[in-house]
$ cat coords.tsv   # TSV, C-alpha atoms
chain	number	residue	atom	x	y	z
M	685	MET	CA	0.00	0.00	0.00
M	686	ALA	CA	1.33	3.40	-0.93
M	687	VAL	CA	0.40	7.01	-1.57
M	688	LYS	CA	2.22	8.85	-4.35
M	689	GLU	CA	2.00	12.63	-4.69
M	690	ARG	CA	2.98	14.54	-7.82
M	691	ILE	CA	2.31	17.90	-9.46
M	692	PHE	CA	-0.73	17.85	-11.73
M	693	GLY	CA	-0.10	21.29	-13.25
M	694	THR	CA	-1.47	24.79	-12.95
M	695	ASP	CA	-5.06	25.88	-13.34
M	696	ALA	CA	-6.25	28.93	-15.27
M	697	THR	CA	-5.37	31.24	-12.36
M	698	GLY	CA	-1.86	29.87	-11.92
M	699	ARG	CA	-2.51	27.78	-8.84
M	700	THR	CA	-0.55	24.53	-8.61
M	701	ALA	CA	-2.70	21.43	-8.35
M	702	HIS	CA	-1.46	18.02	-7.22
M	703	LEU	CA	-2.38	14.41	-7.89
M	704	PHE	CA	-2.47	11.76	-5.19
M	705	THR	CA	-2.43	8.10	-6.26
M	706	LEU	CA	-3.33	5.36	-3.77
M	707	THR	CA	-2.23	1.82	-4.65
M	708	ASN	CA	-2.95	-1.52	-2.95
M	709	ARG	CA	-1.19	-4.89	-3.12
M	710	ALA	CA	-3.49	-6.14	-5.89
M	711	GLY	CA	-2.19	-3.41	-8.20
M	712	VAL	CA	-5.42	-1.42	-8.04
M	713	SER	CA	-4.92	2.34	-7.90
M	714	ALA	CA	-7.15	5.36	-7.37
M	715	THR	CA	-6.09	8.93	-8.18
M	716	PHE	CA	-7.45	12.19	-6.76
M	717	THR	CA	-6.62	15.88	-7.07
M	718	ASP	CA	-6.79	18.73	-4.59
M	719	LEU	CA	-8.53	20.82	-7.27
M	720	GLY	CA	-12.19	20.22	-6.54
M	721	ALA	CA	-11.20	17.22	-4.39
M	722	ALA	CA	-11.97	15.29	-7.55
M	723	TRP	CA	-11.69	11.56	-8.21
M	724	VAL	CA	-9.53	11.56	-11.36
M	725	GLY	CA	-8.86	7.90	-12.13
M	726	MET	CA	-9.46	4.28	-11.11
M	727	GLU	CA	-7.02	1.75	-12.61
M	728	LEU	CA	-8.04	-1.91	-12.44
M	729	PRO	CA	-5.94	-4.90	-13.57
M	730	ALA	CA	-6.74	-6.21	-17.05
M	731	GLU	CA	-5.53	-8.99	-19.34
M	732	GLY	CA	-1.90	-9.14	-20.38
M	733	GLY	CA	-0.63	-7.27	-17.34
M	734	LYS	CA	-2.35	-4.07	-18.46
M	735	THR	CA	-4.74	-1.85	-16.55
M	736	VAL	CA	-8.00	-0.15	-17.46
M	737	ASP	CA	-9.21	3.17	-16.08
M	738	VAL	CA	-12.95	3.08	-15.32
M	739	ILE	CA	-13.45	6.74	-14.24
M	740	LEU	CA	-14.12	9.53	-16.75
M	741	GLY	CA	-11.85	12.52	-16.26
M	742	TYR	CA	-9.31	14.97	-17.65
M	743	ASP	CA	-5.56	15.31	-18.07
M	744	ASP	CA	-5.65	19.11	-17.74
M	745	PRO	CA	-6.15	20.71	-14.29
M	746	ALA	CA	-7.51	23.87	-15.91
M	747	ILE	CA	-10.49	21.84	-17.11
M	748	TYR	CA	-11.24	20.65	-13.58
M	749	GLU	CA	-11.47	24.27	-12.51
M	750	ARG	CA	-14.55	24.74	-14.71
M	751	ASN	CA	-15.54	21.05	-15.06
M	752	PRO	CA	-18.95	21.56	-16.73
M	753	GLY	CA	-20.17	18.03	-15.97
M	754	CYS	CA	-18.64	17.93	-12.46
M	755	LEU	CA	-16.64	14.84	-13.50
M	756	GLY	CA	-15.34	13.17	-10.34
M	757	ALA	CA	-15.82	16.34	-8.29
M	758	ILE	CA	-16.98	16.78	-4.72
M	759	VAL	CA	-20.25	18.70	-4.88
M	760	GLY	CA	-21.45	20.78	-1.94
M	761	ARG	CA	-22.62	22.21	0.30
M	762	HIS	CA	-25.73	20.81	-1.35
M	763	ALA	CA	-25.65	18.29	-4.16
M	764	ASN	CA	-28.43	18.20	-6.74
M	765	ARG	CA	-31.30	20.69	-7.03
M	766	ILE	CA	-33.02	23.26	-4.85
M	767	ALA	CA	-36.25	24.68	-6.25
M	768	GLY	CA	-36.40	28.43	-6.70
M	769	ALA	CA	-32.73	28.64	-5.68
M	770	GLY	CA	-33.78	29.52	-2.17
M	771	PHE	CA	-35.05	28.27	1.17
M	772	THR	CA	-35.74	29.40	4.73
M	773	LEU	CA	-33.82	27.96	7.67
M	774	ASP	CA	-34.33	29.05	11.29
M	775	GLY	CA	-36.28	32.02	9.99
M	776	ARG	CA	-33.40	33.15	7.79
M	777	SER	CA	-34.21	33.54	4.11
M	778	CYS	CA	-31.35	32.22	1.98
M	779	GLN	CA	-31.01	33.00	-1.71
M	780	LEU	CA	-28.66	30.98	-3.90
M	781	GLU	CA	-27.49	31.51	-7.47
M	782	LYS	CA	-29.91	30.44	-10.18
M	783	ASN	CA	-27.81	28.28	-12.47
M	784	GLN	CA	-30.42	25.94	-13.95
M	785	GLY	CA	-33.33	28.07	-15.02
M	786	GLU	CA	-34.95	29.42	-11.87
M	787	ASN	CA	-33.37	26.71	-9.73
M	788	ASN	CA	-30.05	25.93	-8.09
M	789	LEU	CA	-27.99	22.91	-9.16
M	790	HIS	CA	-25.05	21.56	-7.14
M	791	SER	CA	-24.91	24.76	-5.04
M	792	GLY	CA	-24.45	27.12	-7.98
M	793	PRO	CA	-21.78	28.25	-10.43
M	794	ASP	CA	-19.22	28.94	-7.67
M	795	GLY	CA	-19.00	25.26	-6.87
M	796	TRP	CA	-16.54	23.37	-4.74
M	797	TRP	CA	-15.08	21.87	-7.94
M	798	LYS	CA	-13.43	25.25	-8.50
M	799	ARG	CA	-11.74	25.31	-5.09
M	800	LEU	CA	-8.19	24.24	-4.32
M	801	PHE	CA	-8.51	22.09	-1.21
M	802	ARG	CA	-5.88	21.65	1.49
M	803	ALA	CA	-4.42	18.12	1.20
M	804	GLU	CA	-3.13	15.78	3.87
M	805	VAL	CA	-1.59	12.39	3.06
M	806	LEU	CA	-2.50	9.61	5.49
M	807	GLU	CA	0.13	7.00	4.67
M	808	GLU	CA	-0.83	4.42	7.28
M	809	GLU	CA	-4.46	4.48	6.11
M	810	ASN	CA	-3.57	4.54	2.38
M	811	ALA	CA	-5.69	7.65	2.17
M	812	VAL	CA	-5.71	11.35	1.40
M	813	ARG	CA	-7.84	14.00	3.09
M	814	PHE	CA	-8.96	17.23	1.43
M	815	SER	CA	-10.42	20.09	3.47
M	816	ILE	CA	-11.73	23.64	3.10
M	817	GLU	CA	-13.16	26.36	5.33
M	818	GLU	CA	-16.32	28.04	4.02
M	819	PRO	CA	-17.30	31.43	5.50
M	820	ASP	CA	-20.79	32.37	6.57
M	821	GLY	CA	-22.84	33.17	3.48
M	822	ALA	CA	-20.60	31.35	0.99
M	823	GLN	CA	-22.70	30.32	-2.04
M	824	GLY	CA	-25.64	31.83	-0.12
M	825	PHE	CA	-25.69	29.21	2.65
M	826	PRO	CA	-25.90	30.18	6.34
M	827	GLY	CA	-23.01	29.70	8.74
M	828	ALA	CA	-19.30	29.01	8.50
M	829	LEU	CA	-18.58	25.39	7.57
M	830	SER	CA	-15.44	23.34	8.11
M	831	PHE	CA	-15.51	20.50	5.57
M	832	SER	CA	-13.30	17.54	4.76
M	833	VAL	CA	-13.48	14.51	2.52
M	834	THR	CA	-11.17	11.55	2.99
M	835	TYR	CA	-10.55	9.03	0.22
M	836	GLY	CA	-9.06	5.68	1.18
M	837	LEU	CA	-8.24	2.59	-0.89
M	838	THR	CA	-8.58	-0.77	0.87
M	839	GLU	CA	-7.08	-4.18	0.14
M	840	GLU	CA	-10.62	-5.24	-0.82
M	841	ASN	CA	-10.39	-2.87	-3.81
M	842	ALA	CA	-12.84	-0.40	-2.32
M	843	VAL	CA	-12.63	3.37	-2.42
M	844	GLU	CA	-14.03	4.57	0.89
M	845	ILE	CA	-15.25	8.18	0.95
M	846	HIS	CA	-15.71	9.77	4.37
M	847	TYR	CA	-17.36	13.20	4.52
M	848	ALA	CA	-17.21	15.41	7.62
M	849	GLY	CA	-18.78	18.80	8.21
M	850	THR	CA	-18.87	21.13	11.22
M	851	LEU	CA	-20.90	24.32	11.44
M	852	THR	CA	-18.48	26.52	13.38
M	853	ALA	CA	-20.15	29.95	13.55
M	854	GLY	CA	-22.78	32.28	12.18
M	855	ALA	CA	-25.93	30.17	12.40
M	856	ALA	CA	-27.74	27.57	14.50
M	857	HIS	CA	-28.04	25.20	11.53
M	858	THR	CA	-26.72	24.92	7.99
M	859	VAL	CA	-27.26	22.80	4.90
M	860	PHE	CA	-24.94	19.83	4.44
M	861	ASN	CA	-25.49	17.36	1.60
M	862	PRO	CA	-22.20	16.66	-0.23
M	863	THR	CA	-21.63	13.91	-2.78
M	864	ASN	CA	-19.04	12.66	-5.23
M	865	HIS	CA	-19.95	13.03	-8.91
M	866	ALA	CA	-17.77	10.31	-10.47
M	867	TYR	CA	-18.79	8.93	-13.86
M	868	PHE	CA	-18.16	5.19	-14.17
M	869	ASN	CA	-17.71	3.04	-17.26
M	870	LEU	CA	-16.61	-0.46	-16.32
M	871	ALA	CA	-15.54	-1.15	-19.91
M	872	GLY	CA	-13.06	1.73	-19.66
M	873	HIS	CA	-13.40	5.50	-19.42
M	874	ASP	CA	-13.04	5.81	-23.21
M	875	ALA	CA	-15.19	2.80	-24.18
M	876	GLY	CA	-18.31	4.73	-25.21
M	877	GLU	CA	-21.95	3.82	-24.62
M	878	ILE	CA	-22.87	2.00	-21.44
M	879	ASP	CA	-26.23	0.59	-22.60
M	880	ALA	CA	-25.09	-3.06	-22.29
M	881	GLN	CA	-23.81	-2.66	-18.73
M	882	GLU	CA	-26.20	-3.85	-16.06
M	883	VAL	CA	-27.41	-2.15	-12.88
M	884	TRP	CA	-29.24	-3.17	-9.70
M	885	ILE	CA	-30.62	-0.59	-7.26
M	886	HIS	CA	-31.98	-1.39	-3.79
M	887	ALA	CA	-35.12	0.73	-4.08
M	888	ASP	CA	-38.86	0.15	-4.32
M	889	TYR	CA	-39.53	3.85	-4.93
M	890	PHE	CA	-38.06	6.82	-6.75
M	891	THR	CA	-38.84	10.55	-6.67
M	892	PRO	CA	-40.39	11.64	-9.98
M	893	THR	CA	-39.64	15.16	-11.20
M	894	ASP	CA	-41.29	17.95	-13.11
M	895	ALA	CA	-40.15	19.30	-16.47
M	896	VAL	CA	-37.13	21.05	-14.90
M	897	SER	CA	-35.99	18.07	-12.80
M	898	ILE	CA	-37.43	19.26	-9.48
M	899	PRO	CA	-39.02	16.46	-7.42
M	900	THR	CA	-42.80	16.71	-7.28
M	901	GLY	CA	-42.92	15.37	-3.72
M	902	GLU	CA	-44.32	12.00	-4.76
M	903	LEU	CA	-42.63	8.72	-3.88
M	904	ARG	CA	-43.53	6.52	-6.85
M	905	GLU	CA	-43.26	2.76	-6.94
M	906	VAL	CA	-40.70	1.46	-9.43
M	907	ALA	CA	-42.80	-1.67	-10.09
M	908	GLY	CA	-44.16	-1.69	-13.62
M	909	THR	CA	-41.94	1.20	-14.75
M	910	ALA	CA	-38.61	1.63	-16.51
M	911	PHE	CA	-37.20	2.59	-13.09
M	912	ASP	CA	-37.43	-0.94	-11.74
M	913	PHE	CA	-33.83	-2.03	-11.11
M	914	ARG	CA	-34.69	-4.47	-8.32
M	915	GLN	CA	-33.35	-7.20	-10.59
M	916	MET	CA	-30.10	-6.60	-12.47
M	917	LYS	CA	-30.86	-5.34	-15.97
M	918	ALA	CA	-29.08	-3.63	-18.85
M	919	ILE	CA	-29.12	0.16	-18.63
M	920	GLY	CA	-30.23	0.35	-22.25
M	921	ARG	CA	-33.13	-2.07	-21.93
M	922	ASP	CA	-35.75	0.54	-21.02
M	923	ILE	CA	-33.93	3.85	-21.36
M	924	GLY	CA	-35.36	4.51	-24.83
M	925	THR	CA	-38.99	3.90	-23.91
M	926	ALA	CA	-41.53	6.71	-24.16
M	927	GLU	CA	-42.10	6.84	-20.40
M	928	GLU	CA	-42.72	10.45	-19.32
M	929	GLN	CA	-40.02	10.56	-16.66
M	930	LEU	CA	-37.37	9.31	-19.10
M	931	LEU	CA	-38.43	11.88	-21.67
M	932	LEU	CA	-38.27	14.69	-19.11
M	933	GLY	CA	-34.83	13.64	-17.89
M	934	HIS	CA	-33.49	12.66	-21.32
M	935	GLY	CA	-32.70	9.32	-19.69
M	936	TYR	CA	-32.14	8.35	-16.09
M	937	ASP	CA	-31.40	11.34	-13.84
M	938	HIS	CA	-33.48	10.47	-10.81
M	939	ASN	CA	-33.24	9.94	-7.09
M	940	PHE	CA	-33.97	6.44	-5.81
M	941	VAL	CA	-35.29	5.90	-2.28
M	942	VAL	CA	-32.95	3.51	-0.47
M	943	LYS	CA	-34.96	0.57	0.83
M	944	ASP	CA	-34.82	-0.11	4.58
M	945	TYR	CA	-32.89	3.10	5.21
M	946	ASP	CA	-31.77	3.36	8.83
M	947	GLY	CA	-28.72	5.63	8.66
M	948	LEU	CA	-26.25	2.75	8.53
M	949	VAL	CA	-23.90	1.94	5.66
M	950	ARG	CA	-25.51	-0.66	3.41
M	951	LEU	CA	-25.30	-2.03	-0.14
M	952	VAL	CA	-27.54	0.16	-2.31
M	953	ALA	CA	-26.48	-0.48	-5.91
M	954	GLU	CA	-24.40	-2.69	-8.18
M	955	ALA	CA	-23.14	-2.39	-11.74
M	956	TYR	CA	-21.77	-5.13	-13.99
M	957	ASP	CA	-20.08	-5.17	-17.39
M	958	PRO	CA	-20.84	-8.52	-19.08
M	959	ALA	CA	-18.07	-8.05	-21.66
M	960	SER	CA	-15.24	-7.72	-19.13
M	961	GLY	CA	-16.77	-9.27	-16.02
M	962	ARG	CA	-15.95	-6.15	-13.98
M	963	ARG	CA	-18.40	-5.08	-11.33
M	964	LEU	CA	-19.00	-2.25	-8.89
M	965	GLU	CA	-20.80	-2.29	-5.55
M	966	VAL	CA	-22.03	0.94	-3.93
M	967	TYR	CA	-22.57	1.28	-0.18
M	968	THR	CA	-23.81	4.34	1.69
M	969	ASP	CA	-25.51	5.62	4.84
M	970	ARG	CA	-27.48	8.20	2.84
M	971	PRO	CA	-31.26	7.86	2.18
M	972	GLY	CA	-31.07	8.55	-1.56
M	973	LEU	CA	-29.12	7.58	-4.65
M	974	GLN	CA	-29.12	9.64	-7.84
M	975	PHE	CA	-28.67	7.38	-10.85
M	976	TYR	CA	-27.55	9.52	-13.79
M	977	THR	CA	-26.70	8.19	-17.25
M	978	ALA	CA	-24.60	11.11	-18.53
M	979	ASN	CA	-27.47	12.43	-20.62
M	980	TRP	CA	-25.80	15.82	-21.08
M	981	LEU	CA	-22.28	14.81	-22.02
M	982	GLY	CA	-21.57	15.64	-25.65
M	983	GLU	CA	-20.18	18.29	-27.95
M	984	SER	CA	-19.58	20.83	-25.16
M	985	THR	CA	-17.73	18.30	-22.97
M	986	PRO	CA	-13.96	18.91	-22.98
M	987	ILE	CA	-11.64	16.26	-24.37
M	988	GLY	CA	-11.01	13.63	-21.72
M	989	LYS	CA	-7.99	11.67	-20.55
M	990	GLU	CA	-5.71	10.33	-23.27
M	991	GLY	CA	-7.71	12.24	-25.89
M	992	ALA	CA	-10.98	10.46	-25.12
M	993	VAL	CA	-14.17	11.94	-26.52
M	994	TYR	CA	-16.98	11.62	-23.98
M	995	ARG	CA	-20.43	11.33	-25.50
M	996	LYS	CA	-23.97	11.10	-24.21
M	997	ARG	CA	-24.35	7.96	-22.08
M	998	GLY	CA	-20.63	7.35	-22.02
M	999	GLY	CA	-20.77	6.78	-18.26
M	1000	TYR	CA	-23.09	6.73	-15.27
M	1001	CYS	CA	-23.12	8.20	-11.77
M	1002	PHE	CA	-24.23	6.81	-8.42
M	1003	GLU	CA	-24.55	9.99	-6.34
M	1004	THR	CA	-25.26	9.21	-2.67
M	1005	GLN	CA	-27.34	11.95	-1.08
M	1006	CYS	CA	-30.30	13.29	0.79
M	1007	PHE	CA	-33.18	13.68	-1.64
M	1008	PRO	CA	-32.97	16.65	-4.04
M	1009	ASP	CA	-35.03	19.65	-2.89
M	1010	ALA	CA	-35.60	17.99	0.50
M	1011	LEU	CA	-35.44	21.46	2.06
M	1012	HIS	CA	-38.92	22.05	0.64
M	1013	HIS	CA	-40.27	18.67	1.80
M	1014	PRO	CA	-40.05	18.55	5.61
M	1015	ASP	CA	-41.26	14.93	5.75
M	1016	TRP	CA	-38.06	13.81	3.97
M	1017	VAL	CA	-34.69	13.35	5.69
M	1018	GLN	CA	-33.37	16.89	5.99
M	1019	PRO	CA	-29.88	17.90	4.74
M	1020	VAL	CA	-29.39	20.09	7.79
M	1021	ILE	CA	-26.80	19.94	10.58
M	1022	PRO	CA	-26.60	21.82	13.92
M	1023	ALA	CA	-23.81	24.08	15.09
M	1024	GLY	CA	-20.85	22.64	16.98
M	1025	VAL	CA	-21.35	19.00	16.02
M	1026	THR	CA	-19.18	17.23	13.45
M	1027	VAL	CA	-21.53	15.31	11.17
M	1028	ARG	CA	-20.06	12.41	9.21
M	1029	SER	CA	-21.19	10.32	6.27
M	1030	THR	CA	-19.65	7.39	4.40
M	1031	SER	CA	-20.01	6.04	0.88
M	1032	ILE	CA	-18.02	3.11	-0.51
M	1033	TYR	CA	-17.36	2.02	-4.10
M	1034	ARG	CA	-15.97	-1.52	-4.28
M	1035	PHE	CA	-14.63	-2.94	-7.54
M	1036	GLY	CA	-14.29	-6.60	-8.51
M	1037	GLY	CA	-14.45	-9.17	-11.25
M	1038	PHE	CA	-11.12	-8.23	-12.82
M	1039	THR	CA	-9.17	-11.37	-11.84
M	1040	GLU	CA	-10.08	-15.04	-11.79
M	1041	GLU	CA	-10.10	-15.00	-7.99
M	1042	GLU	CA	-12.29	-11.91	-7.81
M	1043	GLY	CA	-14.67	-13.34	-10.39
M	1044	THR	CA	-15.48	-16.25	-8.06
M	1045	ASN	CA	-16.44	-14.06	-5.10
$ encode --input "coords.tsv" --output "structure tokens"
Amino acid sequence: MAVKERIFGTDATGRTAHLFTLTNRAGVSATFTDLGAAWVGMELPAEGGKTVDVILGYDDPAIYERNPGCLGAIVGRHANRIAGAGFTLDGRSCQLEKNQGENNLHSGPDGWWKRLFRAEVLEEENAVRFSIEEPDGAQGFPGALSFSVTYGLTEENAVEIHYAGTLTAGAAHTVFNPTNHAYFNLAGHDAGEIDAQEVWIHADYFTPTDAVSIPTGELREVAGTAFDFRQMKAIGRDIGTAEEQLLLGHGYDHNFVVKDYDGLVRLVAEAYDPASGRRLEVYTDRPGLQFYTANWLGESTPIGKEGAVYRKRGGYCFETQCFPDALHHPDWVQPVIPAGVTVRSTSIYRFGGFTEEEGTN
């Protein structure tokens, strides 16, 4: 197990960004950058002693600074959408930037993916921790927030993501709902369409949205719909059907309600690539999972690693979260934390199926 640090390059403002690569004894490696605390690469062993990278990303740090699709980035304070780009908390009216029509997406245009995080290498844990201090009112949110995200790579080929947030001053409560926005393609980051890859999601319900992707407040059963992933099925099997929710989202871009949610880390999703045998398991202690099939990658997406061209449905995201727009639905788990208490959350992405031994597990 080892952590290797090297200079990534400079961003558009001249700041020096670094890369941190974690490697385990199986030869699996995961790479992260302090620019946006982004997950840059995931190298898995392949045939002939080669490796394959299953995370979409970029070779140029200046692209991560703007990162239009939030590839691999940490998104916060609030991932996903907030209707009307505003909310009231403890009687305080908070207005955010409107960056998706009249609504707020991923906390607005001044996102955490543009920030250069402070990095700390944790050699004994085969991990790296990124942290930032957000002042009261940053992005429009109440209170000063101390935030960190720790990425660790285990000998079980799992990337463990530990989030921690502390409201330190300026308010009695603040919003806290971070996620990682990695795009996966188990055939390889540059392999193209993911329609043949299969997905299972531990959910009996999802949250349907309106025409601008804001949840309506309904919890709809997945049974009898294209959103039924309770049995492993190919992503492309139903994605092209004329179901209203798929037409509105241009594919899957919806929050699934984790079944039997109790605040503990549990298996919530799996992905499998029949062609290579590679698989991914997703664990989290969050109540929701946004399954997104890269419906908006395309001509405006910058050139990816090794000259890769990322197209629509060239990857998929499993974004662990509180439900989008939960601030306007008080009966849902609230993305709110109190002052003076460090609140923690964990999500785990475990990879397998890339060796004969793994394939038998």
$ closest_atom_pairs --input "coords.tsv" --of "region 970-1029 of chain M" --to "region 866-874 of chain M" --cutoff "7 Å" --atoms "only C-alpha atoms" --output "Markdown table"
| residue | atom | partner | partner_atom | distance |
| --- | --- | --- | --- | --- |
| M:Ala992 | CA | M:Asp874 | CA | 5.4 |
| M:Gly999 | CA | M:Asn869 | CA | 4.9 |
| M:Tyr1000 | CA | M:Tyr867 | CA | 5.0 |
| M:Cys1001 | CA | M:Tyr867 | CA | 4.9 |
$ atom_distance --input "coords.tsv" --atom1 "CA of Ile766 (chain M)" --atom2 "CA of Pro1019 (chain M)"
11.4 Å
$ atom_distance --input "coords.tsv" --atom1 "CA of Asn841 (chain M)" --atom2 "CA of Tyr945 (chain M)"
25.0 Å
$ closest_atom_pairs --input "coords.tsv" --of "region 870-986 of chain M" --to "region 786-798 of chain M" --cutoff "10 Å" --atoms "all atoms listed in the file" --output "Markdown table"
| residue | atom | partner | partner_atom | distance |
| --- | --- | --- | --- | --- |
| M:Val896 | CA | M:Asn787 | CA | 8.5 |
| M:Ser897 | CA | M:Asn787 | CA | 9.5 |
| M:Ile898 | CA | M:Asn787 | CA | 8.5 |
$ residues_around --input "coords.tsv" --residues "Asp774 (chain M)" --least-positions-apart "5" --cutoff "10 Å" --atoms "only C-alpha atoms" --output "PyMOL selection string"
chain M and resi 826+855-858
$ write_last_selection --input "coords.tsv" --atoms "C-alpha atoms" --output "short mmCIF file (atom, residue, chain, number, x, y, z; two decimals), in the coordinates of the input"
data_model
loop_
_atom_site.label_atom_id
_atom_site.label_comp_id
_atom_site.auth_asym_id
_atom_site.auth_seq_id
_atom_site.Cartn_x
_atom_site.Cartn_y
_atom_site.Cartn_z
CA PRO M 826 -25.90 30.18 6.34
CA ALA M 855 -25.93 30.17 12.40
CA ALA M 856 -27.74 27.57 14.50
CA HIS M 857 -28.04 25.20 11.53
CA THR M 858 -26.72 24.92 7.99
#
$ build_atoms --input "coords.tsv" --residues "region 762-769 of chain M" --atoms "all heavy atoms" --output "tab-separated table (two decimals), keeping the file's coordinate frame"
chain	number	residue	atom	x	y	z
M	762	HIS	N	-24.52	21.59	-1.05
M	762	HIS	CA	-25.73	20.81	-1.35
M	762	HIS	C	-25.66	20.25	-2.76
M	762	HIS	O	-25.67	21.00	-3.74
M	762	HIS	CB	-26.98	21.68	-1.19
M	762	HIS	CG	-28.26	20.92	-1.30
M	762	HIS	ND1	-28.79	20.51	-2.50
M	762	HIS	CD2	-29.12	20.48	-0.33
M	762	HIS	CE1	-29.92	19.86	-2.28
M	762	HIS	NE2	-30.14	19.82	-0.97
M	763	ALA	N	-25.61	18.94	-2.86
M	763	ALA	CA	-25.65	18.29	-4.16
M	763	ALA	C	-27.07	18.32	-4.72
M	763	ALA	O	-28.05	18.37	-3.97
M	763	ALA	CB	-25.18	16.84	-4.04
M	764	ASN	N	-27.15	18.28	-6.03
M	764	ASN	CA	-28.43	18.20	-6.74
M	764	ASN	C	-29.19	19.53	-6.67
M	764	ASN	O	-28.58	20.58	-6.53
M	764	ASN	CB	-29.27	17.03	-6.23
M	764	ASN	CG	-30.03	16.32	-7.35
M	764	ASN	OD1	-30.76	16.94	-8.10
M	764	ASN	ND2	-29.82	15.02	-7.45
M	765	ARG	N	-30.52	19.50	-6.74
M	765	ARG	CA	-31.30	20.69	-7.03
M	765	ARG	C	-32.05	21.23	-5.82
M	765	ARG	O	-32.51	20.48	-4.97
M	765	ARG	CB	-32.29	20.37	-8.17
M	765	ARG	CG	-31.58	20.07	-9.49
M	765	ARG	CD	-32.48	19.36	-10.48
M	765	ARG	NE	-31.79	19.17	-11.75
M	765	ARG	CZ	-31.01	18.12	-12.04
M	765	ARG	NH1	-30.82	17.16	-11.14
M	765	ARG	NH2	-30.43	18.03	-13.22
M	766	ILE	N	-32.19	22.57	-5.82
M	766	ILE	CA	-33.02	23.26	-4.85
M	766	ILE	C	-33.96	24.17	-5.62
M	766	ILE	O	-33.52	25.07	-6.37
M	766	ILE	CB	-32.18	24.09	-3.86
M	766	ILE	CG1	-31.26	23.17	-3.04
M	766	ILE	CG2	-33.09	24.90	-2.94
M	766	ILE	CD1	-30.32	23.92	-2.11
M	767	ALA	N	-35.25	23.94	-5.49
M	767	ALA	CA	-36.25	24.68	-6.25
M	767	ALA	C	-36.24	26.16	-5.89
M	767	ALA	O	-36.12	26.53	-4.72
M	767	ALA	CB	-37.63	24.09	-6.01
M	768	GLY	N	-36.35	27.00	-6.92
M	768	GLY	CA	-36.40	28.43	-6.70
M	768	GLY	C	-35.09	29.02	-6.21
M	768	GLY	O	-35.04	30.20	-5.89
M	769	ALA	N	-34.05	28.20	-6.13
M	769	ALA	CA	-32.73	28.64	-5.68
M	769	ALA	C	-32.81	29.37	-4.34
M	769	ALA	O	-32.10	30.35	-4.10
M	769	ALA	CB	-32.06	29.52	-6.73
